$ cat my_file_35.cif   # mmCIF, C-alpha atoms and all ligand atoms
data_data
loop_
_atom_site.label_atom_id
_atom_site.label_comp_id
_atom_site.auth_asym_id
_atom_site.auth_seq_id
_atom_site.Cartn_x
_atom_site.Cartn_y
_atom_site.Cartn_z
CA MET K 215 56.33 -22.18 -7.87
CA ILE K 216 53.39 -22.67 -10.21
CA GLU K 217 50.73 -19.95 -10.20
CA ILE K 218 47.42 -20.28 -11.97
CA ASP K 219 45.50 -16.99 -11.99
CA ASN K 220 41.83 -16.80 -12.96
CA ILE K 221 42.10 -19.33 -15.75
CA SER K 222 39.06 -20.11 -17.89
CA LYS K 223 38.99 -22.42 -20.87
CA ARG K 224 36.09 -22.84 -23.23
CA PHE K 225 35.73 -25.25 -26.14
CA GLY K 226 32.83 -23.71 -28.08
CA ASP K 227 29.89 -23.92 -25.68
CA VAL K 228 31.71 -26.25 -23.26
CA VAL K 229 33.20 -24.48 -20.26
CA ALA K 230 36.04 -26.84 -19.28
CA LEU K 231 37.54 -24.47 -16.68
CA ASP K 232 35.79 -21.55 -15.06
CA ASN K 233 37.93 -18.92 -13.31
CA VAL K 234 40.36 -21.31 -11.64
CA SER K 235 43.12 -19.96 -9.40
CA LEU K 236 45.68 -22.17 -7.73
CA ARG K 237 49.20 -21.87 -6.36
CA ILE K 238 51.53 -24.83 -5.98
CA ASN K 239 54.45 -24.07 -3.72
CA ASP K 240 57.94 -25.50 -4.06
CA GLY K 241 58.34 -28.73 -2.10
CA GLU K 242 54.62 -29.44 -2.15
CA ILE K 243 52.70 -32.40 -3.54
CA VAL K 244 49.20 -31.43 -4.66
CA GLY K 245 46.59 -33.95 -5.74
CA LEU K 246 43.91 -32.94 -8.21
CA LEU K 247 40.66 -34.85 -7.81
CA GLY K 248 37.67 -34.59 -10.10
CA LEU K 249 35.00 -36.72 -11.74
CA ASN K 250 35.33 -37.60 -15.41
CA GLY K 251 35.11 -34.41 -17.43
CA ALA K 252 35.76 -32.15 -14.42
CA GLY K 253 38.63 -30.34 -16.16
CA LYS K 254 41.80 -32.00 -14.80
CA SER K 255 43.47 -32.83 -18.12
CA THR K 256 42.52 -29.44 -19.54
CA LEU K 257 44.33 -27.80 -16.63
CA MET K 258 47.39 -30.01 -17.21
CA ARG K 259 47.41 -29.18 -20.93
CA LEU K 260 47.17 -25.45 -20.18
CA LEU K 261 50.09 -25.75 -17.75
CA VAL K 262 52.37 -27.13 -20.45
CA GLY K 263 51.18 -24.68 -23.08
CA LEU K 264 49.45 -27.30 -25.23
CA LEU K 265 46.26 -25.27 -24.91
CA VAL K 266 45.84 -21.52 -24.75
CA PRO K 267 43.53 -20.21 -22.00
CA SER K 268 40.40 -18.28 -22.94
CA GLU K 269 41.20 -16.04 -19.96
CA GLY K 270 43.78 -15.83 -17.23
CA ARG K 271 47.49 -16.43 -16.82
CA ILE K 272 49.78 -19.26 -15.74
CA THR K 273 53.37 -18.76 -14.61
CA VAL K 274 56.05 -21.28 -13.66
CA ASP K 275 58.76 -19.75 -11.48
CA GLY K 276 57.53 -16.39 -12.69
CA ILE K 277 57.72 -17.31 -16.40
CA ASP K 278 54.50 -16.87 -18.36
CA VAL K 279 53.52 -20.12 -20.10
CA ALA K 280 51.77 -18.29 -22.96
CA GLN K 281 54.77 -16.04 -23.64
CA GLN K 282 57.66 -18.50 -23.19
CA PRO K 283 56.24 -22.01 -23.61
CA ASP K 284 59.58 -23.61 -24.59
CA ILE K 285 61.35 -22.41 -21.46
CA VAL K 286 58.44 -23.54 -19.28
CA ARG K 287 58.32 -26.95 -21.00
CA HIS K 288 61.99 -27.50 -20.25
CA LYS K 289 61.32 -26.72 -16.58
CA LEU K 290 58.52 -29.28 -16.38
CA GLY K 291 58.49 -33.07 -16.28
CA VAL K 292 55.17 -34.14 -17.72
CA LEU K 293 53.40 -37.48 -17.69
CA PRO K 294 50.40 -36.92 -19.98
CA ASP K 295 47.17 -38.94 -19.81
CA THR K 296 48.02 -40.69 -23.05
CA ALA K 297 51.71 -41.46 -22.97
CA GLY K 298 52.76 -42.99 -26.29
CA LEU K 299 56.12 -44.77 -26.52
CA TYR K 300 58.26 -45.54 -29.55
CA LYS K 301 57.53 -49.22 -29.97
CA ARG K 302 60.68 -49.95 -31.98
CA LEU K 303 62.90 -48.59 -29.22
CA THR K 304 63.72 -50.39 -25.98
CA ALA K 305 62.64 -48.88 -22.67
CA ARG K 306 66.15 -47.52 -22.14
CA GLU K 307 66.27 -46.09 -25.66
CA ASN K 308 62.86 -44.43 -25.17
CA ILE K 309 64.14 -42.70 -22.03
CA ALA K 310 67.48 -41.75 -23.62
CA TYR K 311 65.76 -40.37 -26.73
CA PHE K 312 63.81 -37.87 -24.65
CA ALA K 313 66.93 -36.95 -22.71
CA ARG K 314 68.66 -36.13 -26.01
CA LEU K 315 65.69 -33.99 -27.06
CA GLN K 316 66.21 -32.07 -23.81
CA GLY K 317 69.83 -31.40 -24.80
CA MET K 318 71.57 -33.65 -22.27
CA ASP K 319 75.06 -35.00 -23.08
CA GLU K 320 75.68 -38.73 -23.46
CA PRO K 321 77.42 -39.44 -20.11
CA ALA K 322 74.61 -37.61 -18.24
CA ILE K 323 72.01 -39.55 -20.25
CA ALA K 324 73.62 -42.91 -19.45
CA SER K 325 73.78 -42.15 -15.76
CA ALA K 326 70.22 -40.69 -15.55
CA CYS K 327 68.80 -43.72 -17.42
CA GLU K 328 70.59 -46.12 -15.10
CA ASN K 329 69.32 -44.33 -11.97
CA LEU K 330 65.72 -44.27 -13.14
CA ILE K 331 65.76 -47.88 -14.30
CA GLU K 332 66.93 -48.90 -10.84
CA LEU K 333 64.58 -46.56 -8.99
CA LEU K 334 61.51 -47.79 -10.87
CA GLY K 335 62.55 -51.46 -10.88
CA MET K 336 62.77 -51.59 -14.69
CA GLU K 337 65.82 -53.86 -14.97
CA THR K 338 63.93 -56.70 -16.67
CA ILE K 339 62.36 -54.47 -19.33
CA ALA K 340 65.19 -51.97 -19.92
CA GLU K 341 66.54 -53.74 -23.02
CA ARG K 342 63.16 -54.94 -24.32
CA TYR K 343 61.36 -53.23 -27.19
CA ALA K 344 58.36 -51.27 -25.99
CA ASP K 345 56.10 -53.07 -28.45
CA GLY K 346 53.96 -55.40 -26.34
CA PHE K 347 54.64 -53.68 -23.01
CA SER K 348 51.95 -54.09 -20.38
CA LEU K 349 50.15 -50.98 -19.07
CA GLY K 350 52.42 -50.82 -16.01
CA GLU K 351 55.57 -51.25 -18.10
CA ARG K 352 54.43 -48.45 -20.38
CA MET K 353 53.65 -46.19 -17.43
CA LYS K 354 57.03 -46.77 -15.83
CA THR K 355 58.88 -46.03 -19.07
CA ALA K 356 56.79 -42.91 -19.69
CA LEU K 357 57.37 -41.71 -16.15
CA ALA K 358 61.13 -42.23 -16.37
CA ARG K 359 61.12 -40.42 -19.70
CA ALA K 360 59.18 -37.50 -18.21
CA ILE K 361 61.71 -36.80 -15.48
CA VAL K 362 65.00 -37.92 -17.08
CA HIS K 363 66.20 -34.33 -17.58
CA GLY K 364 65.77 -33.45 -13.91
CA PRO K 365 62.94 -30.94 -14.41
CA ASP K 366 62.23 -28.24 -11.83
CA HIS K 367 58.61 -29.34 -11.37
CA ILE K 368 56.53 -32.42 -12.13
CA LEU K 369 53.01 -32.75 -13.59
CA LEU K 370 51.45 -36.18 -13.75
CA ASP K 371 48.08 -37.23 -15.12
CA GLU K 372 47.04 -40.35 -13.18
CA PRO K 373 50.60 -41.61 -12.56
CA THR K 374 49.76 -44.79 -10.64
CA ASN K 375 46.93 -45.85 -12.93
CA GLY K 376 47.36 -49.58 -13.62
CA LEU K 377 50.52 -50.00 -11.57
CA ASP K 378 51.06 -52.91 -9.18
CA VAL K 379 51.73 -52.30 -5.51
CA ILE K 380 55.52 -52.55 -5.74
CA THR K 381 55.69 -50.11 -8.64
CA THR K 382 53.18 -47.79 -6.97
CA ARG K 383 55.46 -47.66 -3.95
CA ALA K 384 58.43 -46.90 -6.20
CA VAL K 385 56.48 -44.03 -7.78
CA ARG K 386 55.57 -42.70 -4.33
CA ARG K 387 59.23 -42.78 -3.30
CA LEU K 388 60.17 -41.01 -6.48
CA LEU K 389 57.58 -38.26 -5.92
CA HIS K 390 58.67 -37.81 -2.30
CA ALA K 391 62.25 -37.42 -3.50
CA GLN K 392 61.09 -34.71 -5.95
CA LYS K 393 59.27 -32.94 -3.13
CA ALA K 394 62.35 -33.18 -0.87
CA ALA K 395 64.35 -31.58 -3.67
CA GLY K 396 62.02 -28.56 -3.47
CA LYS K 397 59.99 -29.23 -6.62
CA CYS K 398 56.28 -28.68 -7.15
CA VAL K 399 54.48 -31.94 -7.81
CA LEU K 400 50.94 -31.80 -9.22
CA PHE K 401 49.16 -35.01 -10.05
CA SER K 402 45.63 -35.93 -10.96
CA SER K 403 44.05 -39.12 -9.75
CA HIS K 404 40.81 -40.98 -9.29
CA LEU K 405 42.32 -42.94 -6.38
CA MET K 406 41.42 -41.48 -2.99
CA TYR K 407 43.95 -43.58 -1.08
CA GLU K 408 46.70 -42.42 -3.43
CA VAL K 409 45.88 -38.80 -2.73
CA GLU K 410 45.66 -39.48 1.02
CA ASN K 411 49.01 -41.28 0.98
CA LEU K 412 50.95 -38.81 -1.09
CA CYS K 413 49.59 -35.31 -0.94
CA ASP K 414 50.25 -32.31 1.22
CA ARG K 415 47.17 -30.71 -0.29
CA VAL K 416 44.17 -31.86 -2.23
CA VAL K 417 42.28 -29.74 -4.76
CA VAL K 418 38.82 -30.89 -5.79
CA ILE K 419 37.58 -29.70 -9.15
CA ALA K 420 33.97 -30.07 -10.28
CA ARG K 421 32.53 -28.87 -13.57
CA GLY K 422 35.59 -26.72 -14.17
CA ARG K 423 35.59 -24.99 -10.78
CA ILE K 424 37.67 -25.52 -7.67
CA VAL K 425 35.27 -26.57 -4.90
CA ALA K 426 37.82 -27.50 -2.22
CA ASP K 427 41.50 -26.79 -1.57
CA GLY K 428 43.32 -27.84 1.59
CA THR K 429 44.87 -30.73 3.46
CA VAL K 430 42.95 -33.99 3.29
CA ASN K 431 41.91 -33.47 6.92
CA ASP K 432 40.71 -29.92 6.23
CA VAL K 433 38.68 -30.95 3.20
CA VAL K 434 37.08 -33.88 5.03
CA ALA K 435 36.35 -31.76 8.14
CA ALA K 436 34.82 -28.92 6.09
CA THR K 437 32.25 -31.27 4.61
CA GLY K 438 31.50 -33.09 7.88
CA CYS K 439 32.08 -36.38 6.08
CA ALA K 440 33.85 -39.43 7.47
CA SER K 441 36.27 -39.99 4.61
CA LEU K 442 37.89 -38.25 1.66
CA GLU K 443 35.81 -40.37 -0.72
CA GLU K 444 32.57 -39.24 0.89
CA ALA K 445 33.76 -35.63 0.98
CA PHE K 446 34.74 -35.83 -2.68
CA VAL K 447 31.36 -37.26 -3.72
CA GLN K 448 29.50 -34.65 -1.69
CA LEU K 449 31.55 -31.78 -3.14
CA SER K 450 31.11 -33.07 -6.68
CA GLU K 451 27.38 -33.67 -6.22
CA ILE K 452 26.77 -30.23 -4.73
CA LYS K 453 28.42 -28.72 -7.77
CA GLU K 454 26.32 -30.88 -10.08
CA GLN K 455 23.13 -29.70 -8.28
CA ASP K 456 24.33 -26.08 -8.45
CA ASN K 457 24.71 -26.39 -12.17
CA VAL K 458 21.24 -27.89 -12.53
CA ALA K 459 19.76 -25.20 -10.26
CA HIS K 460 21.36 -22.44 -12.31
CA ALA K 461 20.55 -24.03 -15.66
N1 LIG K 501 39.52 -30.49 -27.27
C1 LIG K 501 38.32 -30.43 -26.71
N2 LIG K 501 37.23 -30.09 -27.41
C2 LIG K 501 36.01 -30.01 -26.85
N3 LIG K 501 35.77 -30.29 -25.55
C3 LIG K 501 36.82 -30.63 -24.79
C4 LIG K 501 38.14 -30.74 -25.31
N4 LIG K 501 38.97 -31.10 -24.30
C5 LIG K 501 38.20 -31.23 -23.21
N5 LIG K 501 36.90 -30.94 -23.49
C6 LIG K 501 35.78 -30.96 -22.57
O1 LIG K 501 36.16 -30.24 -21.41
C7 LIG K 501 35.66 -30.87 -20.23
C8 LIG K 501 36.83 -31.22 -19.31
O2 LIG K 501 37.58 -32.28 -19.91
P1 LIG K 501 38.91 -32.87 -19.27
O3 LIG K 501 39.50 -33.81 -20.26
O4 LIG K 501 39.75 -31.75 -18.80
O5 LIG K 501 38.34 -33.67 -18.01
P2 LIG K 501 39.08 -34.63 -16.97
O6 LIG K 501 38.78 -34.09 -15.61
O7 LIG K 501 40.51 -34.77 -17.33
O8 LIG K 501 38.28 -35.99 -17.18
P3 LIG K 501 38.74 -37.54 -17.08
O9 LIG K 501 38.86 -37.87 -15.63
O10 LIG K 501 37.60 -38.24 -17.75
O11 LIG K 501 40.05 -37.68 -17.85
C9 LIG K 501 34.87 -32.09 -20.72
O12 LIG K 501 33.52 -31.73 -20.80
C10 LIG K 501 35.45 -32.35 -22.10
O13 LIG K 501 34.51 -32.98 -22.95
#
$ encode --input "my_file_35.cif" --output "structure tokens" --more "lines below"
Ligand SMILES: Nc1ncnc2c1ncn2[C@@H]1O[C@H](COP(=O)(O)OP(=O)(O)OP(=O)(O)O)[C@@H](O)[C@H]1O
Amino acid sequence: MIEIDNISKRFGDVVALDNVSLRINDGEIVGLLGLNGAGKSTLMRLLVGLLVPSEGRITVDGIDVAQQPDIVRHKLGVLPDTAGLYKRLTARENIAYFARLQGMDEPAIASACENLIELLGMETIAERYADGFSLGERMKTALARAIVHGPDHILLDEPTNGLDVITTRAVRRLLHAQKAAGKCVLFSSHLMYEVENLCDRVVVIARGRIVADGTVNDVVAATGCASLEEAFVQLSEIKEQDNVAHA
């Protein structure tokens, strides 16, 4: 379980997150929606201990991220928003390299690489150098790399961004398998249909605050809108107006 308790993060005068609390249960897929600059990536970076909160506490399976970041990092599979690959390594070597960093032995690495290459349909790029990979090829390799060590929970910043329909479906299958295995899955997205297709719960963040948290149906019904997209726009706009009103 991932628990975020009263987290705030400020960068100088910029309040990126303002008293955010959120719990992600095991076996649950949660989608994080927010306009550009809403605070999604900041929350992801805090979860993996890359940033230190100004206030509040985050725990993963009861372990405090600020106190034991290395243990928490090992528990998490993370697809960051900017996922750089080693261009002089093949896709398979990129995945295996990360597995080695996670302390896996060679037979386990070979088998995990093979499984992920098949699952994500990477057979044609597995032995190619990453230099020159298309966006989708990079994303697939980065995703495989993120979960090669069989992490307890998965955090993904816009995982289907730039992927074609076949690969998107493969990613969905992969995330459902993680959920079925009892893991927390948190992903951020700008794609409403992706959130509707995948998530048990949607969390809308606007100007660093959570403005909605529930099933897609609950969030849409609470706003009286006809679709998640309309609900999302309304929730984000209300928050914008609030900020102007209080300015
Ligand atoms: N290192 C930093 N220094 C200063 N401001 C920052 C820093 N990181 C984030 N911010 C600010 O915090 C706010 C939230 O940014 P964040 O990257 O979390 O948004 P986001 O929801 O991920 O946006 P996007 O959808 O555009 O990726 C923005 O106003 C951003 O400019």
$ residues_near_ligand --input "my_file_35.cif" --ligand "ligand LIG 501 (chain K)" --cutoff "6 Å" --atoms "only C-alpha atoms and all ligand atoms" --output "VMD selection string"
chain K and resid 225 230 248 to 256
$ atom_distance --input "my_file_35.cif" --atom1 "CA of Val244 (chain K)" --atom2 "CA of Asn308 (chain K)"
27.9 Å
$ atom_distance --input "my_file_35.cif" --atom1 "CA of Val286 (chain K)" --atom2 "CA of Thr304 (chain K)"
28.2 Å
$ closest_residue --input "my_file_35.cif" --among "K:Leu260, K:Leu389, K:Ile361, K:Leu400" --to "Ile272 (chain K)" --atoms "only C-alpha atoms"
K:Leu260
$ residues_around --input "my_file_35.cif" --residues "region 344-359 of chain K" --least-positions-apart "2" --cutoff "9 Å" --atoms "all atoms listed in the file" --output "ChimeraX atom specification"
/K:291-294,297-306,308-313,327,330-331,334-336,339-340,342,361-363,370,373-378,381,385
$ closest_residue --input "my_file_35.cif" --among "K:Leu388, K:Leu412, K:Val274, K:Arg314" --to "Asn329 (chain K)" --atoms "all atoms listed in the file"
K:Leu388
$ residues_around --input "my_file_35.cif" --residues "Glu443 (chain K)" --least-positions-apart "3" --cutoff "12 Å" --atoms "all atoms listed in the file" --output "ChimeraX atom specification"
/K:247-249,404-410,418,430-431,433-434,437,439-440,446-450
$ write_last_selection --input "my_file_35.cif" --atoms "C-alpha atoms" --output "PDB file, in the coordinates of the input"
ATOM      1  CA  LEU K 247      40.660 -34.850  -7.810  1.00  0.00           C
ATOM      2  CA  GLY K 248      37.670 -34.590 -10.100  1.00  0.00           C
ATOM      3  CA  LEU K 249      35.000 -36.720 -11.740  1.00  0.00           C
ATOM      4  CA  HIS K 404      40.810 -40.980  -9.290  1.00  0.00           C
ATOM      5  CA  LEU K 405      42.320 -42.940  -6.380  1.00  0.00           C
ATOM      6  CA  MET K 406      41.420 -41.480  -2.990  1.00  0.00           C
ATOM      7  CA  TYR K 407      43.950 -43.580  -1.080  1.00  0.00           C
ATOM      8  CA  GLU K 408      46.700 -42.420  -3.430  1.00  0.00           C
ATOM      9  CA  VAL K 409      45.880 -38.800  -2.730  1.00  0.00           C
ATOM     10  CA  GLU K 410      45.660 -39.480   1.020  1.00  0.00           C
ATOM     11  CA  VAL K 418      38.820 -30.890  -5.790  1.00  0.00           C
ATOM     12  CA  VAL K 430      42.950 -33.990   3.290  1.00  0.00           C
ATOM     13  CA  ASN K 431      41.910 -33.470   6.920  1.00  0.00           C
ATOM     14  CA  VAL K 433      38.680 -30.950   3.200  1.00  0.00           C
ATOM     15  CA  VAL K 434      37.080 -33.880   5.030  1.00  0.00           C
ATOM     16  CA  THR K 437      32.250 -31.270   4.610  1.00  0.00           C
ATOM     17  CA  CYS K 439      32.080 -36.380   6.080  1.00  0.00           C
ATOM     18  CA  ALA K 440      33.850 -39.430   7.470  1.00  0.00           C
ATOM     19  CA  PHE K 446      34.740 -35.830  -2.680  1.00  0.00           C
ATOM     20  CA  VAL K 447      31.360 -37.260  -3.720  1.00  0.00           C
ATOM     21  CA  GLN K 448      29.500 -34.650  -1.690  1.00  0.00           C
ATOM     22  CA  LEU K 449      31.550 -31.780  -3.140  1.00  0.00           C
ATOM     23  CA  SER K 450      31.110 -33.070  -6.680  1.00  0.00           C
TER      24      SER K 450
END
$ atom_distance --input "my_file_35.cif" --atom1 "CA of Asp240 (chain K)" --atom2 "CA of Ile380 (chain K)"
27.2 Å
$ residues_around --input "my_file_35.cif" --residues "Gly364 (chain K)" --least-positions-apart "5" --cutoff "9 Å" --atoms "all atoms listed in the file" --output "list in words"
Lys289, Leu290, Gly291 and Ala326 of chain K
$ residues_around --input "my_file_35.cif" --residues "Gln281 (chain K)" --least-positions-apart "5" --cutoff "12 Å" --atoms "only C-alpha atoms" --output "ChimeraX atom specification"
/K:262-263,266,271-274,276,286-287
$ residues_around --input "my_file_35.cif" --residues "Gly270 (chain K)" --least-positions-apart "2" --cutoff "7 Å" --atoms "all atoms listed in the file" --output "ChimeraX atom specification"
/K:219-222,267
$ write_last_selection --input "my_file_35.cif" --atoms "C-alpha atoms" --output "compact mmCIF listing (two decimals), in the coordinates of the input"
# COMPACT_ATOMS: atom_id res chain seq x y z
CA ASP K 219 45.50 -16.99 -11.99
CA ASN K 220 41.83 -16.80 -12.96
CA ILE K 221 42.10 -19.33 -15.75
CA SER K 222 39.06 -20.11 -17.89
CA PRO K 267 43.53 -20.21 -22.00
$ residues_near_point --input "my_file_35.cif" --point "(42.2, -26.2, -10.9)" --cutoff "8 Å" --atoms "all atoms listed in the file" --output "list of chain:residue names"
K:Ile218, K:Leu231, K:Val234, K:Ser235, K:Leu236, K:Leu246, K:Gly253, K:Lys254, K:Leu257, K:Val417, K:Val418, K:Ile419, K:Gly422, K:Arg423, K:Ile424
$ closest_residue --input "my_file_35.cif" --among "K:Gly245, K:Ala360, K:Cys398, K:Leu333" --to "Thr429 (chain K)" --atoms "all atoms listed in the file"
K:Gly245
$ closest_residue --input "my_file_35.cif" --among "K:Leu261, K:Arg224, K:Asn239, K:Ala435" --to "Asp278 (chain K)" --atoms "only C-alpha atoms"
K:Leu261
$ closest_residue --input "my_file_35.cif" --among "K:Ala426, K:Lys223, K:Ser268, K:Gln316" --to "Asp284 (chain K)" --atoms "only C-alpha atoms"
K:Gln316
$ closest_residue --input "my_file_35.cif" --among "K:Thr382, K:Tyr343, K:Met318, K:Glu337" --to "Pro365 (chain K)" --atoms "only C-alpha atoms"
K:Met318
$ build_atoms --input "my_file_35.cif" --residues "region 221-250 of chain K" --atoms "N, CA and C atoms" --output "PDB file, in the frame of the given file"
ATOM      1  N   ILE K 221      42.085 -18.649 -14.440  1.00  0.00           N
ATOM      2  CA  ILE K 221      42.100 -19.330 -15.750  1.00  0.00           C
ATOM      3  C   ILE K 221      40.691 -19.834 -16.112  1.00  0.00           C
ATOM      4  N   SER K 222      40.265 -19.498 -17.316  1.00  0.00           N
ATOM      5  CA  SER K 222      39.060 -20.110 -17.890  1.00  0.00           C
ATOM      6  C   SER K 222      39.431 -20.713 -19.231  1.00  0.00           C
ATOM      7  N   LYS K 223      38.789 -21.825 -19.554  1.00  0.00           N
ATOM      8  CA  LYS K 223      38.990 -22.420 -20.870  1.00  0.00           C
ATOM      9  C   LYS K 223      37.668 -22.916 -21.412  1.00  0.00           C
ATOM     10  N   ARG K 224      37.327 -22.417 -22.588  1.00  0.00           N
ATOM     11  CA  ARG K 224      36.090 -22.840 -23.230  1.00  0.00           C
ATOM     12  C   ARG K 224      36.410 -23.531 -24.553  1.00  0.00           C
ATOM     13  N   PHE K 225      35.675 -24.599 -24.826  1.00  0.00           N
ATOM     14  CA  PHE K 225      35.730 -25.250 -26.140  1.00  0.00           C
ATOM     15  C   PHE K 225      34.346 -25.043 -26.754  1.00  0.00           C
ATOM     16  N   GLY K 226      34.173 -24.026 -27.581  1.00  0.00           N
ATOM     17  CA  GLY K 226      32.830 -23.710 -28.080  1.00  0.00           C
ATOM     18  C   GLY K 226      31.924 -23.398 -26.904  1.00  0.00           C
ATOM     19  N   ASP K 227      30.833 -24.166 -26.773  1.00  0.00           N
ATOM     20  CA  ASP K 227      29.890 -23.920 -25.680  1.00  0.00           C
ATOM     21  C   ASP K 227      30.315 -24.607 -24.379  1.00  0.00           C
ATOM     22  N   VAL K 228      31.305 -25.492 -24.463  1.00  0.00           N
ATOM     23  CA  VAL K 228      31.710 -26.250 -23.260  1.00  0.00           C
ATOM     24  C   VAL K 228      32.679 -25.419 -22.428  1.00  0.00           C
ATOM     25  N   VAL K 229      32.308 -25.188 -21.177  1.00  0.00           N
ATOM     26  CA  VAL K 229      33.200 -24.480 -20.260  1.00  0.00           C
ATOM     27  C   VAL K 229      33.986 -25.540 -19.488  1.00  0.00           C
ATOM     28  N   ALA K 230      35.230 -25.789 -19.920  1.00  0.00           N
ATOM     29  CA  ALA K 230      36.040 -26.840 -19.280  1.00  0.00           C
ATOM     30  C   ALA K 230      36.633 -26.346 -17.964  1.00  0.00           C
ATOM     31  N   LEU K 231      37.026 -25.073 -17.916  1.00  0.00           N
ATOM     32  CA  LEU K 231      37.540 -24.470 -16.680  1.00  0.00           C
ATOM     33  C   LEU K 231      36.928 -23.089 -16.528  1.00  0.00           C
ATOM     34  N   ASP K 232      36.522 -22.773 -15.309  1.00  0.00           N
ATOM     35  CA  ASP K 232      35.790 -21.550 -15.060  1.00  0.00           C
ATOM     36  C   ASP K 232      36.451 -20.765 -13.919  1.00  0.00           C
ATOM     37  N   ASN K 233      37.316 -19.822 -14.281  1.00  0.00           N
ATOM     38  CA  ASN K 233      37.930 -18.920 -13.310  1.00  0.00           C
ATOM     39  C   ASN K 233      38.664 -19.668 -12.186  1.00  0.00           C
ATOM     40  N   VAL K 234      39.594 -20.486 -12.593  1.00  0.00           N
ATOM     41  CA  VAL K 234      40.360 -21.310 -11.640  1.00  0.00           C
ATOM     42  C   VAL K 234      41.640 -20.589 -11.226  1.00  0.00           C
ATOM     43  N   SER K 235      41.864 -20.498  -9.921  1.00  0.00           N
ATOM     44  CA  SER K 235      43.120 -19.960  -9.400  1.00  0.00           C
ATOM     45  C   SER K 235      43.717 -20.959  -8.421  1.00  0.00           C
ATOM     46  N   LEU K 236      45.026 -21.140  -8.535  1.00  0.00           N
ATOM     47  CA  LEU K 236      45.680 -22.170  -7.730  1.00  0.00           C
ATOM     48  C   LEU K 236      47.170 -21.854  -7.674  1.00  0.00           C
ATOM     49  N   ARG K 237      47.747 -22.047  -6.482  1.00  0.00           N
ATOM     50  CA  ARG K 237      49.200 -21.870  -6.360  1.00  0.00           C
ATOM     51  C   ARG K 237      49.783 -23.167  -5.822  1.00  0.00           C
ATOM     52  N   ILE K 238      50.840 -23.635  -6.464  1.00  0.00           N
ATOM     53  CA  ILE K 238      51.530 -24.830  -5.980  1.00  0.00           C
ATOM     54  C   ILE K 238      52.923 -24.404  -5.559  1.00  0.00           C
ATOM     55  N   ASN K 239      53.182 -24.543  -4.271  1.00  0.00           N
ATOM     56  CA  ASN K 239      54.450 -24.070  -3.720  1.00  0.00           C
ATOM     57  C   ASN K 239      55.563 -25.081  -3.959  1.00  0.00           C
ATOM     58  N   ASP K 240      56.798 -24.596  -3.938  1.00  0.00           N
ATOM     59  CA  ASP K 240      57.940 -25.500  -4.060  1.00  0.00           C
ATOM     60  C   ASP K 240      57.936 -26.480  -2.893  1.00  0.00           C
ATOM     61  N   GLY K 241      58.291 -27.719  -3.157  1.00  0.00           N
ATOM     62  CA  GLY K 241      58.340 -28.730  -2.100  1.00  0.00           C
ATOM     63  C   GLY K 241      56.974 -29.190  -1.639  1.00  0.00           C
ATOM     64  N   GLU K 242      55.993 -29.072  -2.516  1.00  0.00           N
ATOM     65  CA  GLU K 242      54.620 -29.440  -2.150  1.00  0.00           C
ATOM     66  C   GLU K 242      54.063 -30.437  -3.165  1.00  0.00           C
ATOM     67  N   ILE K 243      53.385 -31.461  -2.652  1.00  0.00           N
ATOM     68  CA  ILE K 243      52.700 -32.400  -3.540  1.00  0.00           C
ATOM     69  C   ILE K 243      51.197 -32.111  -3.467  1.00  0.00           C
ATOM     70  N   VAL K 244      50.630 -31.771  -4.604  1.00  0.00           N
ATOM     71  CA  VAL K 244      49.200 -31.430  -4.660  1.00  0.00           C
ATOM     72  C   VAL K 244      48.470 -32.445  -5.532  1.00  0.00           C
ATOM     73  N   GLY K 245      47.409 -32.982  -4.998  1.00  0.00           N
ATOM     74  CA  GLY K 245      46.590 -33.950  -5.740  1.00  0.00           C
ATOM     75  C   GLY K 245      45.351 -33.274  -6.278  1.00  0.00           C
ATOM     76  N   LEU K 246      45.076 -33.524  -7.546  1.00  0.00           N
ATOM     77  CA  LEU K 246      43.910 -32.940  -8.210  1.00  0.00           C
ATOM     78  C   LEU K 246      42.875 -34.037  -8.383  1.00  0.00           C
ATOM     79  N   LEU K 247      41.735 -33.857  -7.722  1.00  0.00           N
ATOM     80  CA  LEU K 247      40.660 -34.850  -7.810  1.00  0.00           C
ATOM     81  C   LEU K 247      39.487 -34.265  -8.565  1.00  0.00           C
ATOM     82  N   GLY K 248      38.855 -35.065  -9.402  1.00  0.00           N
ATOM     83  CA  GLY K 248      37.670 -34.590 -10.100  1.00  0.00           C
ATOM     84  C   GLY K 248      37.019 -35.748 -10.838  1.00  0.00           C
ATOM     85  N   LEU K 249      35.709 -35.693 -10.973  1.00  0.00           N
ATOM     86  CA  LEU K 249      35.000 -36.720 -11.740  1.00  0.00           C
ATOM     87  C   LEU K 249      35.441 -36.656 -13.202  1.00  0.00           C
ATOM     88  N   ASN K 250      35.054 -37.638 -13.972  1.00  0.00           N
ATOM     89  CA  ASN K 250      35.330 -37.600 -15.410  1.00  0.00           C
ATOM     90  C   ASN K 250      34.755 -36.305 -15.991  1.00  0.00           C
TER      91      ASN K 250
END
